[in-house]
file final38.csv (CSV, C-alpha atoms)
chain,number,residue,atom,x,y,z
A,472,MET,CA,236.9,-20.3,133.7
A,473,ILE,CA,239.1,-17.4,132.9
A,474,ASN,CA,241.8,-16.5,135.3
A,475,TYR,CA,243.0,-12.9,136.0
A,476,PRO,CA,246.6,-13.0,137.0
A,477,ASN,CA,246.9,-9.3,137.4
A,478,ARG,CA,244.4,-9.2,140.3
A,479,LYS,CA,242.1,-6.8,138.4
A,480,GLN,CA,238.4,-7.0,139.3
A,481,THR,CA,236.1,-8.0,136.6
A,482,THR,CA,232.4,-7.8,136.2
A,483,ILE,CA,232.0,-10.7,133.6
A,484,ASN,CA,230.9,-13.2,136.2
A,485,SER,CA,229.1,-10.7,138.5
A,486,THR,CA,225.7,-12.4,138.4
A,487,LYS,CA,227.2,-15.7,139.4
A,488,ILE,CA,229.4,-14.1,142.0
A,489,LYS,CA,226.6,-12.1,143.6
A,490,THR,CA,224.6,-15.3,144.3
A,491,HIS,CA,227.5,-16.4,146.5
A,492,SER,CA,227.6,-13.4,148.8
A,493,TYR,CA,230.6,-11.8,147.2
A,494,ARG,CA,231.6,-8.9,149.5
A,495,GLY,CA,232.7,-6.5,146.9
A,496,ALA,CA,236.2,-5.6,148.1
A,497,ASN,CA,239.1,-7.3,146.4
A,498,LEU,CA,241.9,-9.2,148.1
A,499,GLU,CA,244.4,-6.4,147.8
A,500,ASP,CA,242.1,-3.9,149.4
A,501,ASP,CA,241.3,-6.3,152.2
A,502,LEU,CA,245.0,-6.9,152.8
A,503,ASN,CA,245.8,-3.3,152.8
A,504,GLN,CA,243.1,-2.7,155.4
A,505,THR,CA,244.3,-5.6,157.4
A,506,ASN,CA,247.9,-4.5,157.4
A,507,GLN,CA,246.9,-0.9,158.3
A,508,TYR,CA,244.9,-2.4,161.2
A,509,TYR,CA,248.0,-4.4,162.4
A,510,LEU,CA,250.1,-1.2,162.1
A,511,ASP,CA,247.7,0.9,164.0
A,512,LEU,CA,247.3,-1.6,166.8
A,513,ASN,CA,251.0,-2.2,167.0
A,514,LYS,CA,250.6,-5.9,166.1
A,515,ALA,CA,253.0,-6.1,163.1
A,516,ASN,CA,254.7,-4.0,160.5
A,517,ILE,CA,253.8,-5.5,157.1
A,518,HIS,CA,253.5,-3.6,153.8
A,519,LYS,CA,252.7,-4.2,150.2
A,520,LYS,CA,255.8,-3.4,148.1
A,521,PRO,CA,255.3,-0.9,145.3
A,522,THR,CA,254.7,-2.4,141.9
A,523,PRO,CA,258.0,-2.7,140.0
A,524,ILE,CA,258.0,-0.2,137.1
A,525,MET,CA,260.8,0.5,134.6
A,526,VAL,CA,260.9,4.2,134.0
A,527,VAL,CA,262.1,5.1,130.5
A,528,LYS,CA,261.3,8.8,130.0
A,529,VAL,CA,260.7,11.6,132.5
A,530,ASP,CA,259.5,15.1,131.7
A,531,TYR,CA,260.0,18.2,133.9
A,532,PRO,CA,257.0,20.5,133.3
A,533,SER,CA,258.0,22.6,136.3
A,534,ARG,CA,261.2,22.9,138.3
A,535,ASN,CA,260.1,20.6,141.1
A,536,LYS,CA,257.8,18.2,139.4
A,537,ALA,CA,258.9,15.1,137.6
A,538,LYS,CA,256.3,13.6,135.3
A,539,ILE,CA,257.0,10.1,134.0
A,540,ILE,CA,255.9,9.9,130.4
A,541,GLU,CA,257.1,6.4,129.4
A,542,ALA,CA,257.3,3.5,131.7
A,543,TYR,CA,256.5,-0.3,131.7
A,544,TYR,CA,255.5,-2.8,134.3
A,545,LYS,CA,258.2,-5.3,135.2
A,546,VAL,CA,257.8,-8.9,136.1
A,547,PRO,CA,258.1,-9.1,139.9
A,548,SER,CA,261.1,-11.1,141.1
A,549,THR,CA,260.0,-11.2,144.7
A,550,THR,CA,256.7,-11.4,146.5
A,551,ASP,CA,254.2,-8.6,147.0
A,552,TYR,CA,254.1,-8.3,150.8
A,553,ASN,CA,256.7,-8.4,153.5
A,554,GLY,CA,257.6,-7.1,156.9
A,555,VAL,CA,258.1,-8.0,160.6
A,556,TYR,CA,256.0,-9.9,163.2
A,557,ARG,CA,257.3,-10.9,166.5
A,558,ALA,CA,260.9,-10.2,165.3
A,559,LYS,CA,260.4,-12.7,162.4
A,560,ALA,CA,260.6,-11.8,158.8
A,561,ILE,CA,257.2,-12.3,157.1
A,562,ASP,CA,257.0,-12.7,153.3
A,563,PHE,CA,254.0,-13.6,151.3
A,564,GLU,CA,252.2,-13.4,148.0
A,565,ALA,CA,248.4,-13.0,147.6
A,566,LYS,CA,246.3,-14.2,144.7
A,567,GLU,CA,242.7,-14.6,143.9
A,568,THR,CA,241.1,-16.9,141.5
A,569,ASN,CA,237.6,-17.2,140.0
A,570,SER,CA,238.0,-21.0,139.5
A,571,GLN,CA,235.7,-23.3,141.4
A,572,THR,CA,238.0,-26.3,141.2
A,573,ALA,CA,241.6,-25.3,141.4
A,574,PHE,CA,244.3,-22.6,141.9
A,575,PRO,CA,246.3,-22.2,138.7
A,576,LEU,CA,250.0,-22.2,139.4
A,577,LYS,CA,250.8,-19.9,136.5
A,578,ASN,CA,249.5,-17.2,138.8
A,579,ILE,CA,253.0,-17.3,140.4
A,580,HIS,CA,256.2,-16.5,138.4
A,581,PRO,CA,259.1,-19.0,138.6
A,582,HIS,CA,261.2,-16.2,140.1
A,583,GLN,CA,258.7,-15.9,142.9
A,584,PHE,CA,258.9,-19.6,143.7
A,585,GLU,CA,262.7,-19.3,144.0
A,586,HIS,CA,262.4,-16.3,146.1
A,587,MET,CA,259.9,-17.9,148.6
A,588,ARG,CA,262.1,-21.1,148.8
A,589,ASN,CA,265.1,-18.9,149.6
A,590,VAL,CA,263.2,-16.8,152.2
A,591,GLU,CA,262.2,-20.0,154.0
A,592,TYR,CA,265.8,-21.3,153.9
A,593,HIS,CA,266.9,-18.1,155.7
A,594,GLY,CA,264.2,-18.7,158.4
A,595,GLY,CA,261.6,-16.2,157.3
A,596,ILE,CA,257.9,-17.1,157.5
A,597,CYS,CA,256.7,-17.6,154.0
A,598,PHE,CA,253.2,-18.3,152.7
A,599,LEU,CA,250.6,-17.7,150.0
A,600,ILE,CA,247.2,-16.1,150.6
A,601,ILE,CA,244.7,-17.6,148.1
A,602,ARG,CA,241.2,-16.4,147.7
A,603,PHE,CA,238.6,-18.4,145.9
A,604,VAL,CA,236.3,-15.6,144.9
A,605,TYR,CA,233.4,-18.0,144.0
A,606,TYR,CA,233.3,-19.5,147.5
A,607,SER,CA,234.3,-16.2,149.3
A,608,GLU,CA,237.0,-18.2,151.0
A,609,THR,CA,240.5,-17.0,151.7
A,610,TYR,CA,243.3,-19.5,152.6
A,611,LEU,CA,246.7,-19.3,154.1
A,612,LEU,CA,249.0,-21.9,152.5
A,613,TYR,CA,252.5,-22.2,154.0
A,614,PHE,CA,255.2,-22.2,151.3
A,615,HIS,CA,256.7,-25.5,152.5
A,616,SER,CA,253.3,-27.2,151.9
A,617,LEU,CA,253.1,-25.7,148.5
A,618,ASP,CA,256.6,-26.8,147.8
A,619,GLU,CA,255.8,-30.4,148.8
A,620,PHE,CA,252.8,-30.3,146.4
A,621,ILE,CA,255.0,-29.0,143.5
A,622,LYS,CA,257.7,-31.6,144.1
A,623,SER,CA,255.3,-34.5,144.1
A,624,ASN,CA,253.0,-33.3,141.3
A,625,ASP,CA,253.2,-32.4,137.7
A,626,ARG,CA,249.9,-30.6,137.8
A,627,LYS,CA,249.6,-27.0,136.6
A,628,SER,CA,247.1,-26.2,139.3
A,629,ILE,CA,246.4,-27.1,142.9
A,630,PRO,CA,242.9,-28.7,143.3
A,631,TYR,CA,240.5,-26.9,145.6
A,632,SER,CA,240.1,-30.1,147.7
A,633,TRP,CA,243.9,-30.2,148.3
A,634,ILE,CA,243.9,-26.6,149.5
A,635,LYS,CA,240.9,-27.3,151.8
A,636,GLU,CA,243.0,-30.0,153.4
A,637,ASN,CA,246.5,-28.5,153.5
A,638,ALA,CA,245.9,-24.8,153.9
A,639,TYR,CA,244.2,-22.8,156.7
A,640,LEU,CA,240.9,-21.1,156.1
A,641,ILE,CA,241.2,-17.5,157.4
A,642,PRO,CA,237.9,-16.6,159.1
A,643,PHE,CA,236.3,-13.5,157.7
A,644,SER,CA,235.9,-10.6,160.2
A,645,LEU,CA,235.3,-6.9,159.8
A,646,THR,CA,238.3,-5.7,161.7
A,647,PRO,CA,240.5,-6.8,160.2
A,648,PRO,CA,239.0,-8.3,157.1
A,649,ILE,CA,241.7,-11.0,156.7
A,650,HIS,CA,243.2,-11.8,160.1
A,651,TYR,CA,246.0,-14.0,158.8
A,652,LEU,CA,248.3,-13.4,161.7
A,653,LYS,CA,245.8,-15.4,163.8
A,654,ILE,CA,246.7,-18.5,161.7
A,655,LEU,CA,250.4,-17.8,162.5
A,656,ASP,CA,249.6,-17.5,166.2
A,657,GLU,CA,247.7,-20.8,166.2
A,658,THR,CA,250.2,-22.8,164.2
A,659,LEU,CA,253.7,-21.3,164.6
A,660,PHE,CA,253.6,-19.3,167.9
A,661,LYS,CA,251.4,-21.7,169.8
A,662,GLY,CA,251.7,-21.0,173.5
A,663,ASP,CA,253.9,-17.9,173.0
A,664,LYS,CA,252.6,-14.9,174.8
A,665,LYS,CA,252.4,-11.5,173.3
B,1166,MET,CA,277.9,22.0,150.1
B,1167,ILE,CA,274.9,20.9,148.1
B,1168,ASN,CA,273.1,17.8,149.2
B,1169,TYR,CA,271.4,15.4,146.8
B,1170,PRO,CA,268.5,13.7,148.5
B,1171,ASN,CA,267.5,11.7,145.5
B,1172,ARG,CA,270.8,9.8,145.3
B,1173,LYS,CA,271.5,10.9,141.8
B,1174,GLN,CA,275.1,11.1,140.9
B,1175,THR,CA,276.5,14.5,140.0
B,1176,THR,CA,279.6,15.7,138.3
B,1177,ILE,CA,279.7,19.2,139.8
B,1178,ASN,CA,282.3,18.3,142.4
B,1179,SER,CA,284.1,15.7,140.3
B,1180,THR,CA,287.5,17.4,140.5
B,1181,LYS,CA,287.4,17.5,144.3
B,1182,ILE,CA,286.0,14.0,144.6
B,1183,LYS,CA,288.6,12.5,142.3
B,1184,THR,CA,291.4,13.7,144.6
B,1185,HIS,CA,289.8,11.7,147.4
B,1186,SER,CA,289.9,8.4,145.6
B,1187,TYR,CA,286.2,8.3,144.8
B,1188,ARG,CA,285.5,4.8,143.4
B,1189,GLY,CA,282.8,5.8,140.9
B,1190,ALA,CA,280.0,3.4,141.8
B,1191,ASN,CA,277.2,5.0,143.8
B,1192,LEU,CA,275.8,3.6,147.0
B,1193,GLU,CA,272.8,2.1,145.4
B,1194,ASP,CA,274.8,0.1,142.9
B,1195,ASP,CA,277.2,-1.0,145.6
B,1196,LEU,CA,274.3,-2.2,147.7
B,1197,ASN,CA,272.6,-4.0,144.8
B,1198,GLN,CA,275.8,-5.8,144.2
B,1199,THR,CA,276.3,-6.7,147.8
B,1200,ASN,CA,272.7,-8.0,148.2
B,1201,GLN,CA,273.1,-10.1,145.0
B,1202,TYR,CA,276.3,-11.5,146.5
B,1203,TYR,CA,274.5,-12.4,149.7
B,1204,LEU,CA,271.7,-14.0,147.7
B,1205,ASP,CA,274.1,-16.0,145.5
B,1206,LEU,CA,276.1,-17.2,148.5
B,1207,ASN,CA,273.0,-18.1,150.5
B,1208,LYS,CA,273.9,-15.6,153.2
B,1209,ALA,CA,270.7,-13.5,153.3
B,1210,ASN,CA,267.7,-12.5,151.2
B,1211,ILE,CA,267.6,-8.7,151.2
B,1212,HIS,CA,266.2,-6.6,148.3
B,1213,LYS,CA,265.7,-3.0,147.4
B,1214,LYS,CA,262.0,-2.3,147.1
B,1215,PRO,CA,260.7,-0.8,143.9
B,1216,THR,CA,260.4,3.0,143.8
B,1217,PRO,CA,256.8,3.9,144.7
B,1218,ILE,CA,255.1,5.4,141.6
B,1219,MET,CA,251.5,6.6,141.2
B,1220,VAL,CA,250.3,5.5,137.8
B,1221,VAL,CA,247.7,7.9,136.2
B,1222,LYS,CA,247.4,6.8,132.6
B,1223,VAL,CA,248.1,3.6,130.8
B,1224,ASP,CA,248.1,3.1,127.0
B,1225,TYR,CA,247.8,-0.3,125.3
B,1226,PRO,CA,249.6,0.0,122.0
B,1227,SER,CA,249.3,-3.7,121.5
B,1228,ARG,CA,247.2,-6.4,123.1
B,1229,ASN,CA,249.7,-7.6,125.6
B,1230,LYS,CA,251.8,-4.6,126.3
B,1231,ALA,CA,250.8,-1.9,128.8
B,1232,LYS,CA,252.6,1.4,128.3
B,1233,ILE,CA,252.5,3.9,131.2
B,1234,ILE,CA,252.2,7.4,129.8
B,1235,GLU,CA,251.5,9.4,132.9
B,1236,ALA,CA,252.9,8.7,136.3
B,1237,TYR,CA,254.5,10.4,139.3
B,1238,TYR,CA,257.0,9.5,142.0
B,1239,LYS,CA,255.5,9.2,145.4
B,1240,VAL,CA,257.1,10.1,148.7
B,1241,PRO,CA,258.2,6.8,150.3
B,1242,SER,CA,256.5,5.8,153.5
B,1243,THR,CA,258.8,3.0,154.4
B,1244,THR,CA,262.5,2.3,153.9
B,1245,ASP,CA,264.2,1.2,150.6
B,1246,TYR,CA,265.7,-2.1,151.7
B,1247,ASN,CA,264.3,-5.1,153.6
B,1248,GLY,CA,264.5,-8.8,153.9
B,1249,VAL,CA,265.6,-11.7,156.1
B,1250,TYR,CA,268.9,-12.6,157.7
B,1251,ARG,CA,269.2,-15.5,160.3
B,1252,ALA,CA,265.4,-15.5,160.5
B,1253,LYS,CA,265.4,-11.9,161.6
B,1254,ALA,CA,263.6,-9.1,159.7
B,1255,ILE,CA,266.2,-6.7,158.3
B,1256,ASP,CA,265.1,-3.1,157.4
B,1257,PHE,CA,267.2,-0.2,156.4
B,1258,GLU,CA,267.6,3.0,154.5
B,1259,ALA,CA,270.7,4.1,152.5
B,1260,LYS,CA,271.8,7.6,151.8
B,1261,GLU,CA,274.9,9.4,150.6
B,1262,THR,CA,276.0,12.9,151.3
B,1263,ASN,CA,278.6,15.2,149.8
B,1264,SER,CA,279.0,17.1,153.0
B,1265,GLN,CA,282.3,16.9,154.8
B,1266,THR,CA,280.9,17.9,158.2
B,1267,ALA,CA,277.5,16.4,158.8
B,1268,PHE,CA,274.7,14.2,157.5
B,1269,PRO,CA,271.5,16.3,156.9
B,1270,LEU,CA,268.5,14.7,158.5
B,1271,LYS,CA,266.2,16.2,155.8
B,1272,ASN,CA,267.4,13.3,153.7
B,1273,ILE,CA,265.0,11.1,155.6
B,1274,HIS,CA,261.2,11.7,155.5
B,1275,PRO,CA,259.2,11.9,158.7
B,1276,HIS,CA,257.3,8.8,157.7
B,1277,GLN,CA,260.5,6.9,157.4
B,1278,PHE,CA,261.5,7.7,160.9
B,1279,GLU,CA,258.1,6.5,162.1
B,1280,HIS,CA,258.5,3.4,160.1
B,1281,MET,CA,261.9,2.6,161.4
B,1282,ARG,CA,260.9,3.2,165.0
B,1283,ASN,CA,258.0,0.8,164.5
B,1284,VAL,CA,260.1,-1.9,162.8
B,1285,GLU,CA,262.5,-1.8,165.8
B,1286,TYR,CA,259.5,-2.0,168.2
B,1287,HIS,CA,258.4,-5.3,166.5
B,1288,GLY,CA,261.9,-6.7,166.9
B,1289,GLY,CA,263.3,-6.1,163.4
B,1290,ILE,CA,266.9,-5.1,162.9
B,1291,CYS,CA,266.8,-1.5,161.7
B,1292,PHE,CA,269.6,0.8,160.6
B,1293,LEU,CA,270.8,3.4,158.2
B,1294,ILE,CA,273.7,3.1,155.8
B,1295,ILE,CA,275.3,6.5,155.4
B,1296,ARG,CA,278.0,7.2,152.9
B,1297,PHE,CA,280.2,10.3,153.1
B,1298,VAL,CA,281.2,10.6,149.5
B,1299,TYR,CA,284.0,13.1,150.2
B,1300,TYR,CA,285.8,10.6,152.5
B,1301,SER,CA,284.8,7.4,150.6
B,1302,GLU,CA,283.5,6.1,154.0
B,1303,THR,CA,280.3,4.1,154.5
B,1304,TYR,CA,278.8,3.7,158.0
B,1305,LEU,CA,276.2,1.6,159.5
B,1306,LEU,CA,274.1,3.5,162.1
B,1307,TYR,CA,271.6,1.5,164.1
B,1308,PHE,CA,268.2,3.2,164.3
B,1309,HIS,CA,268.2,3.1,168.1
B,1310,SER,CA,271.4,5.2,168.1
B,1311,LEU,CA,269.9,7.6,165.6
B,1312,ASP,CA,266.7,7.8,167.7
B,1313,GLU,CA,268.8,8.7,170.8
B,1314,PHE,CA,270.5,11.5,168.9
B,1315,ILE,CA,267.2,12.9,167.6
B,1316,LYS,CA,265.6,12.8,171.0
B,1317,SER,CA,268.5,14.7,172.7
B,1318,ASN,CA,269.2,17.1,169.9
B,1319,ASP,CA,267.4,19.9,168.0
B,1320,ARG,CA,270.0,19.8,165.2
B,1321,LYS,CA,268.9,19.4,161.6
B,1322,SER,CA,272.0,17.3,160.8
B,1323,ILE,CA,274.2,14.7,162.5
B,1324,PRO,CA,277.9,15.9,162.8
B,1325,TYR,CA,280.4,13.7,161.1
B,1326,SER,CA,282.3,13.4,164.3
B,1327,TRP,CA,279.2,12.0,166.1
B,1328,ILE,CA,278.8,9.4,163.3
B,1329,LYS,CA,282.4,8.4,163.6
B,1330,GLU,CA,281.9,7.7,167.3
B,1331,ASN,CA,278.4,6.1,167.2
B,1332,ALA,CA,278.2,4.3,163.9
B,1333,TYR,CA,280.2,1.4,162.5
B,1334,LEU,CA,282.6,2.0,159.6
B,1335,ILE,CA,281.9,-0.7,157.0
B,1336,PRO,CA,285.3,-1.8,155.6
B,1337,PHE,CA,285.4,-1.6,151.8
B,1338,SER,CA,286.0,-4.8,149.9
B,1339,LEU,CA,285.5,-5.9,146.4
B,1340,THR,CA,283.3,-8.9,147.0
B,1341,PRO,CA,280.9,-7.6,148.3
B,1342,PRO,CA,281.5,-3.9,148.1
B,1343,ILE,CA,279.6,-3.0,151.3
B,1344,HIS,CA,279.8,-6.0,153.7
B,1345,TYR,CA,277.3,-4.6,156.1
B,1346,LEU,CA,276.2,-8.0,157.5
B,1347,LYS,CA,279.7,-8.3,159.0
B,1348,ILE,CA,278.8,-5.4,161.3
B,1349,LEU,CA,275.6,-7.2,162.3
B,1350,ASP,CA,277.6,-10.4,163.0
B,1351,GLU,CA,280.1,-8.6,165.1
B,1352,THR,CA,277.6,-6.6,167.1
B,1353,LEU,CA,274.3,-8.5,167.3
B,1354,PHE,CA,275.1,-12.1,166.5
B,1355,LYS,CA,278.4,-12.2,168.4
B,1356,GLY,CA,279.3,-15.8,169.2
B,1357,ASP,CA,276.5,-17.2,167.1
B,1358,LYS,CA,277.5,-19.8,164.6
B,1359,LYS,CA,276.3,-19.9,161.1
call {"tool": "encode", "arguments": {"input": "final38.csv", "output": "structure tokens"}}
result
Amino acid sequence: MINYPNRKQTTINSTKIKTHSYRGANLEDDLNQTNQYYLDLNKANIHKKPTPIMVVKVDYPSRNKAKIIEAYYKVPSTTDYNGVYRAKAIDFEAKETNSQTAFPLKNIHPHQFEHMRNVEYHGGICFLIIRFVYYSETYLLYFHSLDEFIKSNDRKSIPYSWIKENAYLIPFSLTPPIHYLKILDETLFKGDKK
Amino acid sequence: MINYPNRKQTTINSTKIKTHSYRGANLEDDLNQTNQYYLDLNKANIHKKPTPIMVVKVDYPSRNKAKIIEAYYKVPSTTDYNGVYRAKAIDFEAKETNSQTAFPLKNIHPHQFEHMRNVEYHGGICFLIIRFVYYSETYLLYFHSLDEFIKSNDRKSIPYSWIKENAYLIPFSLTPPIHYLKILDETLFKGDKK
């Protein structure tokens, strides 16, 4: 099955997807909504970073307005999301796949692996949020688990079965759509009051 | 004196600046170099976020290359820099001013004040790095100090004399150019070993 590393929605498999109660919103929208919910309820301050763009040419049609007329997308060297929760630095990447059997590792750039390893070294909480669109399932996979997999495997993808065992399924709710901090509360901050 | 909120270097005052041993590199370059130094020496993982840009039109001159042909700068809603140091979330904004007497608060957007207040609420370490170009001096001002100033003042700018008293002068060195983590070590992590 084709993989879409740039997180763009596609309609190619829409018939198949519909039969599996696909909810319509993509992972990025769900996460934006979730992070806004956390912000509004004073639970955490986590944001998506802007997409890195290299600006080449800027035009000034009027005195105060800069219009970018030539620019290119850059390969990201860090992750897409970061912020603060319970004083801890939070850092994660989010990806969705249409595969029914595995999560392809080429979805993540080598620089991003290095970055995540480094964030964890400094004591930040680092993870991946992976959505299997076909199953309508979203998982939280701690980076240290992913790192163990990579170090003991030559595979180019992580089997779905391995993820089911080693990652945490994030239950779907309406508010917020992806309550990933719940997983952190239950696994890292167990017993802590807030 | 004119203030340049977009951090662009200017040559208008070059004669005057030169007489005050201006070093040439701007604050952003100095910070990028400093953060790279911290990363290389495994001291911290702190990055400048990409500039937020709203992409309107993209052209595809060849199959794999996306060329952005219409885009606009967006007003930032968060700060420019964040990351992790000693497991703590770090979040700051950096600004330089050519003024000899005060730091104009219009340099910081209302959204950014809200953001910094919120980061501090969640236990993140939040501050401003302010450079007075005229004096070749760079200060670290904790957000809670800035917030006290704002709440007890109607002024549109912070007097230089107030900053000298309430912020920390970051000593200039070559490696790294702006060793701001030293200030954190001496004020927040006093006595902690690393």
call {"tool": "residues_around", "arguments": {"input": "final38.csv", "residues": "segment 619-636 of chain A", "least_positions_apart": "5", "cutoff": "12 Å", "atoms": "all atoms listed in the file", "output": "count of residues only"}}
result
31
call {"tool": "closest_residue", "arguments": {"input": "final38.csv", "among": "B:Tyr1246, B:Tyr1237, B:Tyr1286, B:Tyr1333", "to": "chain A", "atoms": "all atoms listed in the file"}}
result
B:Tyr1237
call {"tool": "atom_distance", "arguments": {"input": "final38.csv", "atom1": "atom CA of Phe1257 of chain B", "atom2": "atom CA of Phe1292 of chain B"}}
result
4.9 Å
call {"tool": "closest_atom_pairs", "arguments": {"input": "final38.csv", "of": "chain A", "to": "chain B", "cutoff": "7 Å", "atoms": "only C-alpha atoms", "output": "JSON lines"}}
result
{"residue": "A:Ala515", "atom": "CA", "partner": "B:His1287", "partner_atom": "CA", "distance": 6.4}
{"residue": "A:Asn516", "atom": "CA", "partner": "B:Val1284", "partner_atom": "CA", "distance": 6.2}
{"residue": "A:Lys520", "atom": "CA", "partner": "B:Lys1214", "partner_atom": "CA", "distance": 6.4}
{"residue": "A:Pro521", "atom": "CA", "partner": "B:Pro1217", "partner_atom": "CA", "distance": 5.1}
{"residue": "A:Thr522", "atom": "CA", "partner": "B:Pro1215", "partner_atom": "CA", "distance": 6.5}
{"residue": "A:Pro523", "atom": "CA", "partner": "B:Pro1215", "partner_atom": "CA", "distance": 5.1}
{"residue": "A:Ala537", "atom": "CA", "partner": "B:Tyr1237", "partner_atom": "CA", "distance": 6.7}
{"residue": "A:Lys538", "atom": "CA", "partner": "B:Tyr1237", "partner_atom": "CA", "distance": 5.4}
{"residue": "A:Ile539", "atom": "CA", "partner": "B:Ala1236", "partner_atom": "CA", "distance": 4.9}
{"residue": "A:Ile540", "atom": "CA", "partner": "B:Ile1234", "partner_atom": "CA", "distance": 4.5}
{"residue": "A:Glu541", "atom": "CA", "partner": "B:Ile1234", "partner_atom": "CA", "distance": 5.0}
{"residue": "A:Ala542", "atom": "CA", "partner": "B:Ile1233", "partner_atom": "CA", "distance": 4.8}
{"residue": "A:Tyr543", "atom": "CA", "partner": "B:Lys1232", "partner_atom": "CA", "distance": 5.4}
{"residue": "A:Gly554", "atom": "CA", "partner": "B:Ala1254", "partner_atom": "CA", "distance": 6.9}
{"residue": "A:Val555", "atom": "CA", "partner": "B:Ala1254", "partner_atom": "CA", "distance": 5.7}
{"residue": "A:Tyr556", "atom": "CA", "partner": "B:His1287", "partner_atom": "CA", "distance": 6.1}
{"residue": "A:Arg557", "atom": "CA", "partner": "B:His1287", "partner_atom": "CA", "distance": 5.7}
{"residue": "A:Ala558", "atom": "CA", "partner": "B:Gly1288", "partner_atom": "CA", "distance": 4.0}
{"residue": "A:Lys559", "atom": "CA", "partner": "B:Lys1253", "partner_atom": "CA", "distance": 5.1}
{"residue": "A:Ala560", "atom": "CA", "partner": "B:Ala1254", "partner_atom": "CA", "distance": 4.1}
{"residue": "A:Val590", "atom": "CA", "partner": "B:Asn1210", "partner_atom": "CA", "distance": 6.3}
{"residue": "A:His593", "atom": "CA", "partner": "B:Ala1252", "partner_atom": "CA", "distance": 5.7}
{"residue": "A:Gly594", "atom": "CA", "partner": "B:Ala1252", "partner_atom": "CA", "distance": 4.0}
{"residue": "A:Gly595", "atom": "CA", "partner": "B:Ala1252", "partner_atom": "CA", "distance": 5.0}
call {"tool": "closest_residue", "arguments": {"input": "final38.csv", "among": "B:Cys1291, B:Thr1244, B:Asp1195, B:Asp1312", "to": "His1276 of chain B", "atoms": "only C-alpha atoms"}}
result
B:Thr1244
